[in-house]
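Structure file upload_28.cif (mmCIF, C-alpha atoms and all ligand atoms) follows.
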```
data_upload
loop_
_atom_site.group_PDB
_atom_site.id
_atom_site.type_symbol
_atom_site.label_atom_id
_atom_site.label_comp_id
_atom_site.auth_asym_id
_atom_site.auth_seq_id
_atom_site.Cartn_x
_atom_site.Cartn_y
_atom_site.Cartn_z
ATOM 1 C CA MET X 99 74.792 19.401 64.823
ATOM 2 C CA SER X 100 76.937 17.123 62.656
ATOM 3 C CA GLN X 101 77.908 18.217 59.138
ATOM 4 C CA PRO X 102 74.863 18.616 56.844
ATOM 5 C CA ARG X 103 74.259 15.524 54.705
ATOM 6 C CA LYS X 104 75.214 16.130 51.061
ATOM 7 C CA ILE X 105 72.397 15.184 48.682
ATOM 8 C CA ILE X 106 71.607 15.446 44.989
ATOM 9 C CA ILE X 107 67.878 15.563 44.224
ATOM 10 C CA ASP X 108 67.056 14.025 40.829
ATOM 11 C CA THR X 109 63.596 15.174 39.892
ATOM 12 C CA ASP X 110 60.779 15.669 37.355
ATOM 13 C CA PRO X 111 58.737 18.526 38.938
ATOM 14 C CA GLY X 112 55.768 17.831 39.378
ATOM 15 C CA GLN X 113 53.879 19.335 42.316
ATOM 16 C CA ASP X 114 54.934 16.613 44.772
ATOM 17 C CA ASP X 115 58.545 16.992 43.615
ATOM 18 C CA ALA X 116 58.202 20.706 44.361
ATOM 19 C CA LEU X 117 57.167 20.004 47.966
ATOM 20 C CA ALA X 118 60.123 17.611 48.315
ATOM 21 C CA ILE X 119 62.570 20.257 47.038
ATOM 22 C CA LEU X 120 61.052 22.896 49.357
ATOM 23 C CA LEU X 121 61.359 20.528 52.333
ATOM 24 C CA ALA X 122 65.006 19.825 51.523
ATOM 25 C CA LEU X 123 65.893 23.498 51.038
ATOM 26 C CA ALA X 124 64.203 24.370 54.342
ATOM 27 C CA SER X 125 66.220 21.794 56.285
ATOM 28 C CA PRO X 126 69.702 22.709 57.589
ATOM 29 C CA GLU X 127 70.449 19.015 58.153
ATOM 30 C CA LEU X 128 70.766 18.710 54.368
ATOM 31 C CA ASP X 129 73.219 20.261 51.922
ATOM 32 C CA VAL X 130 71.555 20.171 48.486
ATOM 33 C CA VAL X 131 74.736 20.200 46.385
ATOM 34 C CA GLY X 132 72.692 20.100 43.186
ATOM 35 C CA ILE X 133 69.303 19.420 41.632
ATOM 36 C CA THR X 134 69.281 17.333 38.454
ATOM 37 C CA ALA X 135 66.233 17.386 36.217
ATOM 38 C CA VAL X 136 64.985 14.427 34.202
ATOM 39 C CA ALA X 137 62.098 13.974 31.744
ATOM 40 C CA GLY X 138 59.097 12.406 33.457
ATOM 41 C CA ASN X 139 55.919 14.102 34.612
ATOM 42 C CA VAL X 140 56.500 16.628 31.826
ATOM 43 C CA PRO X 141 59.293 16.952 29.230
ATOM 44 C CA LEU X 142 62.828 17.955 30.292
ATOM 45 C CA ALA X 143 62.497 21.554 29.055
ATOM 46 C CA LEU X 144 59.767 21.983 31.688
ATOM 47 C CA THR X 145 61.227 19.875 34.500
ATOM 48 C CA GLN X 146 64.503 21.822 34.441
ATOM 49 C CA LYS X 147 62.556 25.120 34.380
ATOM 50 C CA ASN X 148 60.230 23.964 37.168
ATOM 51 C CA ALA X 149 63.160 22.949 39.362
ATOM 52 C CA ARG X 150 64.490 26.505 39.085
ATOM 53 C CA ILE X 151 61.029 27.994 39.735
ATOM 54 C CA VAL X 152 60.851 26.007 42.984
ATOM 55 C CA CYS X 153 64.361 27.042 44.067
ATOM 56 C CA GLU X 154 63.403 30.698 43.586
ATOM 57 C CA LEU X 155 60.100 30.129 45.432
ATOM 58 C CA ALA X 156 62.258 28.845 48.319
ATOM 59 C CA GLY X 157 64.415 31.973 48.093
ATOM 60 C CA ARG X 158 67.414 29.880 47.058
ATOM 61 C CA PRO X 159 68.435 31.072 43.567
ATOM 62 C CA GLU X 160 72.035 30.014 44.249
ATOM 63 C CA VAL X 161 71.176 26.296 44.117
ATOM 64 C CA LYS X 162 72.710 24.627 41.062
ATOM 65 C CA VAL X 163 70.155 23.094 38.698
ATOM 66 C CA PHE X 164 71.211 20.795 35.848
ATOM 67 C CA ALA X 165 69.331 19.241 32.935
ATOM 68 C CA GLY X 166 69.843 15.539 32.240
ATOM 69 C CA ALA X 167 68.059 12.944 30.147
ATOM 70 C CA SER X 168 65.284 14.070 27.826
ATOM 71 C CA ARG X 169 63.962 10.512 27.373
ATOM 72 C CA PRO X 170 64.263 7.040 28.907
ATOM 73 C CA LEU X 171 67.106 4.647 28.001
ATOM 74 C CA VAL X 172 65.021 2.432 25.718
ATOM 75 C CA ARG X 173 61.302 3.211 25.987
ATOM 76 C CA PRO X 174 59.627 6.250 24.443
ATOM 77 C CA LEU X 175 58.917 8.999 26.991
ATOM 78 C CA VAL X 176 55.558 8.793 28.791
ATOM 79 C CA THR X 177 54.509 11.985 30.589
ATOM 80 C CA ALA X 178 51.708 12.814 33.062
ATOM 81 C CA GLU X 179 50.227 16.183 32.145
ATOM 82 C CA HIS X 180 46.797 14.761 33.046
ATOM 83 C CA VAL X 181 48.001 14.658 36.663
ATOM 84 C CA HIS X 182 50.381 17.630 36.902
ATOM 85 C CA GLY X 183 48.915 19.949 34.237
ATOM 86 C CA LYS X 184 50.503 21.256 31.052
ATOM 87 C CA THR X 185 53.287 23.127 32.875
ATOM 88 C CA GLY X 186 53.934 20.357 35.390
ATOM 89 C CA LEU X 187 53.397 22.876 38.200
ATOM 90 C CA ASP X 188 49.797 23.841 37.559
ATOM 91 C CA GLY X 189 47.978 25.395 40.516
ATOM 92 C CA PRO X 190 49.698 28.616 41.617
ATOM 93 C CA VAL X 191 50.880 31.374 39.293
ATOM 94 C CA LEU X 192 54.670 31.311 39.742
ATOM 95 C CA PRO X 193 57.114 33.601 37.925
ATOM 96 C CA ASP X 194 59.452 32.252 35.265
ATOM 97 C CA PRO X 195 62.920 31.589 36.678
ATOM 98 C CA VAL X 196 65.685 34.195 36.544
ATOM 99 C CA MET X 197 68.404 31.924 37.961
ATOM 100 C CA PRO X 198 70.457 30.164 35.262
ATOM 101 C CA LEU X 199 70.408 26.514 34.278
ATOM 102 C CA GLN X 200 73.915 25.078 34.678
ATOM 103 C CA ASP X 201 75.757 24.331 31.423
ATOM 104 C CA MET X 202 77.066 20.987 32.631
ATOM 105 C CA ASN X 203 74.870 17.962 31.863
ATOM 106 C CA ALA X 204 73.195 16.498 34.946
ATOM 107 C CA VAL X 205 74.743 13.074 34.398
ATOM 108 C CA ASP X 206 78.244 14.557 34.292
ATOM 109 C CA PHE X 207 77.456 16.569 37.434
ATOM 110 C CA ILE X 208 76.386 13.430 39.300
ATOM 111 C CA VAL X 209 79.562 11.579 38.229
ATOM 112 C CA GLU X 210 81.876 14.530 38.944
ATOM 113 C CA THR X 211 80.339 15.230 42.366
ATOM 114 C CA VAL X 212 80.472 11.613 43.536
ATOM 115 C CA MET X 213 84.045 11.171 42.260
ATOM 116 C CA ASN X 214 85.296 14.461 43.786
ATOM 117 C CA GLU X 215 83.561 14.189 47.167
ATOM 118 C CA PRO X 216 84.955 11.761 49.745
ATOM 119 C CA GLU X 217 83.754 8.170 49.444
ATOM 120 C CA GLY X 218 80.346 7.765 51.055
ATOM 121 C CA ALA X 219 79.719 11.505 51.247
ATOM 122 C CA VAL X 220 76.926 11.861 48.697
ATOM 123 C CA THR X 221 73.341 10.561 48.865
ATOM 124 C CA LEU X 222 71.274 10.452 45.678
ATOM 125 C CA CYS X 223 67.547 11.259 46.048
ATOM 126 C CA PRO X 224 65.770 10.308 42.806
ATOM 127 C CA ILE X 225 62.086 11.283 42.819
ATOM 128 C CA GLY X 226 61.388 10.776 39.109
ATOM 129 C CA PRO X 227 62.320 8.202 36.464
ATOM 130 C CA LEU X 228 65.831 6.793 37.116
ATOM 131 C CA THR X 229 67.319 7.606 33.711
ATOM 132 C CA ASN X 230 69.972 10.072 34.958
ATOM 133 C CA ILE X 231 71.093 7.732 37.719
ATOM 134 C CA ALA X 232 71.455 4.772 35.364
ATOM 135 C CA LEU X 233 73.357 6.877 32.819
ATOM 136 C CA ALA X 234 75.750 8.047 35.545
ATOM 137 C CA LEU X 235 76.383 4.439 36.625
ATOM 138 C CA VAL X 236 77.087 3.408 33.025
ATOM 139 C CA ARG X 237 79.241 6.494 32.373
ATOM 140 C CA GLU X 238 81.365 5.894 35.500
ATOM 141 C CA PRO X 239 80.778 2.540 37.258
ATOM 142 C CA ARG X 240 83.180 3.560 40.044
ATOM 143 C CA ILE X 241 80.506 5.846 41.507
ATOM 144 C CA GLY X 242 78.643 2.686 42.577
ATOM 145 C CA GLY X 243 81.127 2.078 45.368
ATOM 146 C CA ARG X 244 81.234 5.733 46.421
ATOM 147 C CA ILE X 245 77.555 6.685 46.714
ATOM 148 C CA ARG X 246 76.440 6.608 50.363
ATOM 149 C CA GLU X 247 72.844 5.617 49.636
ATOM 150 C CA ILE X 248 70.087 6.025 47.050
ATOM 151 C CA VAL X 249 66.813 7.110 48.676
ATOM 152 C CA LEU X 250 64.149 6.987 45.987
ATOM 153 C CA MET X 251 60.435 7.305 45.419
ATOM 154 C CA GLY X 252 59.236 4.577 43.099
ATOM 155 C CA GLY X 253 57.589 1.207 42.712
ATOM 156 C CA GLY X 254 54.727 -0.484 44.466
ATOM 157 C CA TYR X 255 54.040 -3.983 45.747
ATOM 158 C CA PHE X 256 50.909 -4.426 47.868
ATOM 159 C CA GLU X 257 49.534 -1.293 46.187
ATOM 160 C CA GLN X 258 50.607 -2.540 42.746
ATOM 161 C CA GLY X 259 50.675 0.284 40.157
ATOM 162 C CA ASN X 260 49.308 3.748 39.438
ATOM 163 C CA VAL X 261 50.073 4.145 35.733
ATOM 164 C CA THR X 262 49.313 0.524 34.788
ATOM 165 C CA PRO X 263 47.635 -2.075 37.000
ATOM 166 C CA SER X 264 51.077 -3.286 38.071
ATOM 167 C CA ALA X 265 53.595 -0.450 37.583
ATOM 168 C CA GLU X 266 54.258 2.829 39.373
ATOM 169 C CA PHE X 267 54.998 5.838 37.129
ATOM 170 C CA ASN X 268 58.701 6.506 37.914
ATOM 171 C CA ILE X 269 59.667 2.882 37.334
ATOM 172 C CA TYR X 270 57.278 2.412 34.399
ATOM 173 C CA VAL X 271 58.678 5.375 32.463
ATOM 174 C CA ASP X 272 62.184 3.903 32.514
ATOM 175 C CA PRO X 273 62.185 0.274 33.696
ATOM 176 C CA HIS X 274 65.615 -0.409 32.161
ATOM 177 C CA ALA X 275 67.125 2.439 34.173
ATOM 178 C CA ALA X 276 65.429 1.119 37.298
ATOM 179 C CA ALA X 277 66.815 -2.371 36.665
ATOM 180 C CA THR X 278 70.319 -0.876 36.309
ATOM 181 C CA VAL X 279 69.989 1.041 39.589
ATOM 182 C CA PHE X 280 68.481 -1.816 41.624
ATOM 183 C CA SER X 281 71.220 -4.220 40.455
ATOM 184 C CA ALA X 282 74.129 -1.835 41.100
ATOM 185 C CA GLY X 283 74.772 -3.068 44.634
ATOM 186 C CA ILE X 284 74.298 0.425 46.119
ATOM 187 C CA PRO X 285 72.303 0.675 49.390
ATOM 188 C CA ILE X 286 68.749 1.656 48.401
ATOM 189 C CA VAL X 287 65.887 2.996 50.513
ATOM 190 C CA MET X 288 62.670 2.637 48.508
ATOM 191 C CA MET X 289 59.530 4.689 49.083
ATOM 192 C CA PRO X 290 56.881 2.793 47.063
ATOM 193 C CA LEU X 291 53.183 3.528 46.679
ATOM 194 C CA ASP X 292 52.632 1.214 49.656
ATOM 195 C CA VAL X 293 53.895 3.970 51.932
ATOM 196 C CA THR X 294 53.128 7.103 49.907
ATOM 197 C CA HIS X 295 49.452 6.160 49.608
ATOM 198 C CA LYS X 296 49.305 6.551 53.397
ATOM 199 C CA ALA X 297 50.513 10.178 53.212
ATOM 200 C CA LEU X 298 47.342 11.864 51.979
ATOM 201 C CA THR X 299 47.025 15.615 51.451
ATOM 202 C CA THR X 300 43.744 15.826 53.350
ATOM 203 C CA ARG X 301 41.845 19.106 53.199
ATOM 204 C CA ALA X 302 42.859 19.896 56.805
ATOM 205 C CA ARG X 303 46.532 19.387 56.019
ATOM 206 C CA VAL X 304 46.392 21.557 52.881
ATOM 207 C CA GLU X 305 44.544 24.315 54.754
ATOM 208 C CA THR X 306 47.316 24.250 57.374
ATOM 209 C CA PHE X 307 49.776 25.196 54.614
ATOM 210 C CA ARG X 308 47.459 27.963 53.334
ATOM 211 C CA ALA X 309 46.954 29.287 56.853
ATOM 212 C CA MET X 310 50.685 30.054 57.077
ATOM 213 C CA GLY X 311 49.895 33.141 55.005
ATOM 214 C CA THR X 312 53.363 33.013 53.469
ATOM 215 C CA ARG X 313 54.315 32.897 49.789
ATOM 216 C CA VAL X 314 55.564 29.326 50.207
ATOM 217 C CA GLY X 315 52.603 28.162 52.297
ATOM 218 C CA THR X 316 50.108 29.605 49.831
ATOM 219 C CA ALA X 317 51.957 28.174 46.827
ATOM 220 C CA ALA X 318 52.219 24.761 48.501
ATOM 221 C CA ALA X 319 48.464 24.758 49.153
ATOM 222 C CA GLU X 320 47.705 25.807 45.576
ATOM 223 C CA LEU X 321 50.084 23.180 44.155
ATOM 224 C CA LEU X 322 48.297 20.492 46.186
ATOM 225 C CA ASP X 323 44.820 21.854 45.397
ATOM 226 C CA PHE X 324 45.614 21.062 41.772
ATOM 227 C CA PHE X 325 47.724 17.905 42.249
ATOM 228 C CA GLU X 326 45.325 16.023 44.512
ATOM 229 C CA ARG X 327 42.217 16.302 42.341
ATOM 230 C CA PHE X 328 43.299 13.463 40.009
ATOM 231 C CA ASP X 329 43.921 10.936 42.803
ATOM 232 C CA GLU X 330 40.880 12.028 44.820
ATOM 233 C CA GLU X 331 38.712 11.236 41.824
ATOM 234 C CA LYS X 332 40.539 7.962 41.151
ATOM 235 C CA TYR X 333 40.668 6.639 44.712
ATOM 236 C CA GLY X 334 37.665 8.462 46.179
ATOM 237 C CA SER X 335 39.946 9.643 48.995
ATOM 238 C CA ASP X 336 40.217 12.848 51.016
ATOM 239 C CA GLY X 337 43.387 14.137 49.438
ATOM 240 C CA GLY X 338 45.994 12.553 47.201
ATOM 241 C CA PRO X 339 49.216 10.703 48.046
ATOM 242 C CA LEU X 340 52.137 13.041 48.648
ATOM 243 C CA HIS X 341 54.807 10.788 47.151
ATOM 244 C CA ASP X 342 58.138 12.569 46.749
ATOM 245 C CA PRO X 343 58.533 14.437 50.068
ATOM 246 C CA CYS X 344 58.636 10.989 51.754
ATOM 247 C CA VAL X 345 62.214 10.662 50.441
ATOM 248 C CA ILE X 346 63.380 13.876 52.127
ATOM 249 C CA ALA X 347 61.362 13.209 55.282
ATOM 250 C CA TRP X 348 63.166 9.881 55.670
ATOM 251 C CA LEU X 349 66.514 11.678 55.638
ATOM 252 C CA LEU X 350 65.272 14.073 58.320
ATOM 253 C CA LYS X 351 63.216 11.731 60.542
ATOM 254 C CA PRO X 352 63.636 8.069 59.537
ATOM 255 C CA GLU X 353 61.647 7.083 62.615
ATOM 256 C CA LEU X 354 58.518 8.246 60.791
ATOM 257 C CA PHE X 355 58.809 5.196 58.527
ATOM 258 C CA SER X 356 58.960 1.428 58.845
ATOM 259 C CA GLY X 357 59.753 -1.311 56.363
ATOM 260 C CA ARG X 358 62.083 -4.220 55.786
ATOM 261 C CA HIS X 359 65.078 -5.249 53.711
ATOM 262 C CA CYS X 360 63.906 -7.193 50.678
ATOM 263 C CA ASN X 361 64.934 -8.268 47.241
ATOM 264 C CA VAL X 362 63.439 -6.019 44.555
ATOM 265 C CA GLU X 363 63.576 -6.907 40.878
ATOM 266 C CA ILE X 364 62.205 -4.881 37.966
ATOM 267 C CA GLU X 365 60.103 -6.332 35.141
ATOM 268 C CA THR X 366 61.621 -5.139 31.836
ATOM 269 C CA ALA X 367 60.346 -7.759 29.376
ATOM 270 C CA SER X 368 56.618 -8.308 29.803
ATOM 271 C CA GLU X 369 54.386 -5.833 27.979
ATOM 272 C CA LEU X 370 51.624 -6.621 30.480
ATOM 273 C CA THR X 371 53.604 -5.960 33.658
ATOM 274 C CA LEU X 372 56.454 -3.783 32.353
ATOM 275 C CA GLY X 373 57.934 -1.640 35.137
ATOM 276 C CA SER X 374 56.458 -3.603 38.011
ATOM 277 C CA THR X 375 58.662 -3.896 41.120
ATOM 278 C CA VAL X 376 58.676 -7.504 42.255
ATOM 279 C CA VAL X 377 59.329 -7.232 46.007
ATOM 280 C CA ASP X 378 60.202 -10.460 47.848
ATOM 281 C CA TRP X 379 58.522 -9.126 51.030
ATOM 282 C CA TRP X 380 58.057 -12.615 52.506
ATOM 283 C CA GLY X 381 61.589 -13.784 51.709
ATOM 284 C CA VAL X 382 60.566 -16.746 49.582
ATOM 285 C CA THR X 383 63.668 -16.517 47.377
ATOM 286 C CA GLU X 384 67.404 -16.490 47.980
ATOM 287 C CA ARG X 385 67.746 -13.315 45.910
ATOM 288 C CA PRO X 386 69.918 -10.590 47.499
ATOM 289 C CA LYS X 387 68.113 -8.070 49.726
ATOM 290 C CA ASN X 388 69.022 -5.013 47.662
ATOM 291 C CA ALA X 389 66.589 -2.474 49.140
ATOM 292 C CA LEU X 390 65.062 -1.262 52.390
ATOM 293 C CA VAL X 391 61.406 -1.199 51.300
ATOM 294 C CA MET X 392 59.148 1.105 53.302
ATOM 295 C CA ARG X 393 55.518 0.167 53.957
ATOM 296 C CA ASP X 394 54.288 2.347 56.823
ATOM 297 C CA ILE X 395 54.461 6.006 57.793
ATOM 298 C CA ASP X 396 53.418 8.184 60.720
ATOM 299 C CA ALA X 397 51.394 10.454 58.436
ATOM 300 C CA ASP X 398 50.586 13.032 61.116
ATOM 301 C CA GLY X 399 54.257 13.235 62.041
ATOM 302 C CA PHE X 400 55.179 13.541 58.357
ATOM 303 C CA PHE X 401 52.828 16.467 57.766
ATOM 304 C CA ALA X 402 53.861 18.117 61.032
ATOM 305 C CA LEU X 403 57.487 17.996 59.838
ATOM 306 C CA LEU X 404 56.525 19.320 56.406
ATOM 307 C CA THR X 405 54.457 22.142 57.920
ATOM 308 C CA GLU X 406 57.149 23.137 60.417
ATOM 309 C CA ARG X 407 59.839 23.228 57.734
ATOM 310 C CA LEU X 408 57.819 25.009 55.034
ATOM 311 C CA ALA X 409 57.006 27.699 57.595
ATOM 312 C CA ARG X 410 60.718 28.465 57.767
ATOM 313 C CA LEU X 411 60.896 29.537 54.105
HETATM 314 O O1 LIG N 1 54.115 7.665 40.942
HETATM 315 C C1 LIG N 1 54.424 8.858 41.624
HETATM 316 C C2 LIG N 1 55.668 9.474 41.092
HETATM 317 O O2 LIG N 1 55.490 9.788 39.723
HETATM 318 C C3 LIG N 1 56.026 10.803 41.778
HETATM 319 O O3 LIG N 1 57.424 10.973 41.775
HETATM 320 C C4 LIG N 1 55.390 11.816 40.888
HETATM 321 O O4 LIG N 1 56.059 13.085 40.935
HETATM 322 C C5 LIG N 1 55.590 11.192 39.546
HETATM 323 O O5 LIG N 1 56.920 11.503 39.119
HETATM 324 CA CA CA N 2 58.401 12.981 40.801
#
```
Can you present the structure in this file as structure tokens?
Amino acid sequence: MSQPRKIIIDTDPGQDDALAILLALASPELDVVGITAVAGNVPLALTQKNARIVCELAGRPEVKVFAGASRPLVRPLVTAEHVHGKTGLDGPVLPDPVMPLQDMNAVDFIVETVMNEPEGAVTLCPIGPLTNIALALVREPRIGGRIREIVLMGGGYFEQGNVTPSAEFNIYVDPHAAATVFSAGIPIVMMPLDVTHKALTTRARVETFRAMGTRVGTAAAELLDFFERFDEEKYGSDGGPLHDPCVIAWLLKPELFSGRHCNVEIETASELTLGSTVVDWWGVTERPKNALVMRDIDADGFFALLTERLARL
């Protein structure tokens, strides 16, 4: 096997973030050089704690976890306790973390890692609001030419929005950060609602996790039991969309996904459509194709990968 791919997961756990972190830590193809927490689903004090809870659930207390931005660049923080619960990881009873939070700020860690690693060695995997990533780009613009790729969960085009009629949560919370990231000229792979809404945590899939009979399998099932109820009620579906693990699954098995290179711009001015991702899917403009936008997924293959990897923990 070639050298494991170095990644930094930037996250706002969040039950779906937790599954993404577990998938990454269970996969030897990936070297998680650090996990950086950002305010999003719940405030930063909880997202940085939850990231450590998940690392210990995975049996990986040595993973370095950093705290970053406690609020968006410009907008006031909007959180999602109604979806993720007060703790952000409602569902299972998980012990408080023993592993330490790193002293270094997450933004400095991102800059330092990208500057110290060889050019093109580090992939950023943001699965929450993009505040930390934007701050790192402003703090040290040279990282823009050194980052291998940004593989992110965020946005929506055909599916429109989930927090407003036209905006997806991660982009909506910090649209100015998203605009900074999408205009940085760094290769982006975008996992919008258009693809994540096709990765539903059906009852059969969740029971497969529970049937593992392991600490991780049981916790994963209990996290999803809680997480999916909001979207099941909203969409009337069997299960809820499992957003964030799509980012890690793409790194492991890109063939599970399909999409196309498009221009993506972020609405930062209109109160009505703030945070919407305007995707030129049909190529009607001359705007630069700054992102590989995913639209389809082999959902059975995705859950088979997730199940196989979680069973390793
Ligand atoms: O809109 C879905 C995204 O918002 C996911 O990353 C979820 O964890 C929340 O952060
Ligand atoms: Ca998230």
**Matched chain/residue IDs from the PyMOL selection byres (((not hetatm)) within 12 of (chain N and resi 2)), as an MDAnalysis selection string** = chainID X and resid 107:119 134:140 145 148:149 177:178 181:182 186:187 223:228 250:253 266:269 271 289 325 339:345
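Among the candidates X:Val314, X:Ala265, X:Leu372, X:Val304, the one nearest to ligand LIG 1 (chain N) when counting only C-alpha atoms and all ligand atoms is X:Ala265.
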**Request:** Might you pull out every residue within 6 Å of stretch 244-246 of chain X, with only C-alpha atoms counted and same-chain residues fewer than 3 positions away left off, and present them as a ChimeraX atom specification?
**Result:** /X:217-221,241
**Request:** Excluding X:Glu127 and any residue of its chain fewer than 4 positions from it, enumerate the residues within 10 Å of it, using only C-alpha atoms, and give them as a ChimeraX atom specification.
**Result:** /X:99-104,122-123,349-350
Emit the selected residues as a compact mmCIF listing (two decimals), in the frame of the given file, including C-alpha atoms.
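Full text of part.txt as output:
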```txt
# COMPACT_ATOMS: atom_id res chain seq x y z
CA MET X 99 74.79 19.40 64.82
CA SER X 100 76.94 17.12 62.66
CA GLN X 101 77.91 18.22 59.14
CA PRO X 102 74.86 18.62 56.84
CA ARG X 103 74.26 15.52 54.70
CA LYS X 104 75.21 16.13 51.06
CA ALA X 122 65.01 19.82 51.52
CA LEU X 123 65.89 23.50 51.04
CA LEU X 349 66.51 11.68 55.64
CA LEU X 350 65.27 14.07 58.32
```
**Message:** Take the PyMOL selection byres (((chain X and resi 209) around 8) and not hetatm), run it mentally on this structure, and tell me the resulting residues as a list of chain:residue names.
**Reply:** X:Val205, X:Asp206, X:Phe207, X:Ile208, X:Glu210, X:Thr211, X:Val212, X:Met213, X:Ala234, X:Leu235, X:Arg237, X:Glu238, X:Ile241
Fewer than 2 positions away in the same chain doesn't count, so skip those; otherwise give me all residues within 12 Å of X:Val191, counting all atoms listed in the file, as a JSON list (two decimals) with C-alpha atoms, keeping the file's coordinate frame.
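New file result-v4.json:
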```json
[["chain", "number", "residue", "atom", "x", "y", "z"],
["X", 151, "ILE", "CA", 61.03, 27.99, 39.74],
["X", 152, "VAL", "CA", 60.85, 26.01, 42.98],
["X", 155, "LEU", "CA", 60.10, 30.13, 45.43],
["X", 185, "THR", "CA", 53.29, 23.13, 32.88],
["X", 187, "LEU", "CA", 53.40, 22.88, 38.20],
["X", 188, "ASP", "CA", 49.80, 23.84, 37.56],
["X", 189, "GLY", "CA", 47.98, 25.40, 40.52],
["X", 193, "PRO", "CA", 57.11, 33.60, 37.92],
["X", 194, "ASP", "CA", 59.45, 32.25, 35.26],
["X", 313, "ARG", "CA", 54.32, 32.90, 49.79],
["X", 316, "THR", "CA", 50.11, 29.60, 49.83],
["X", 317, "ALA", "CA", 51.96, 28.17, 46.83],
["X", 318, "ALA", "CA", 52.22, 24.76, 48.50],
["X", 320, "GLU", "CA", 47.70, 25.81, 45.58],
["X", 321, "LEU", "CA", 50.08, 23.18, 44.16],
["X", 324, "PHE", "CA", 45.61, 21.06, 41.77]]
```
**Message:** Could you list, as number ranges by chain, every residue within 8 Å of stretch 389-402 of chain X, counting all atoms listed in the file and ignoring same-chain residues fewer than 4 positions away?
**Reply:** X: 280, 285-290, 292-293, 296-298, 303, 344, 347, 354-362, 406
**Message:** Report, in Å to a single decimal, how far apart atom CA of X:Leu120 and atom CA of X:Ile346 are.
**Reply:** 9.7 Å
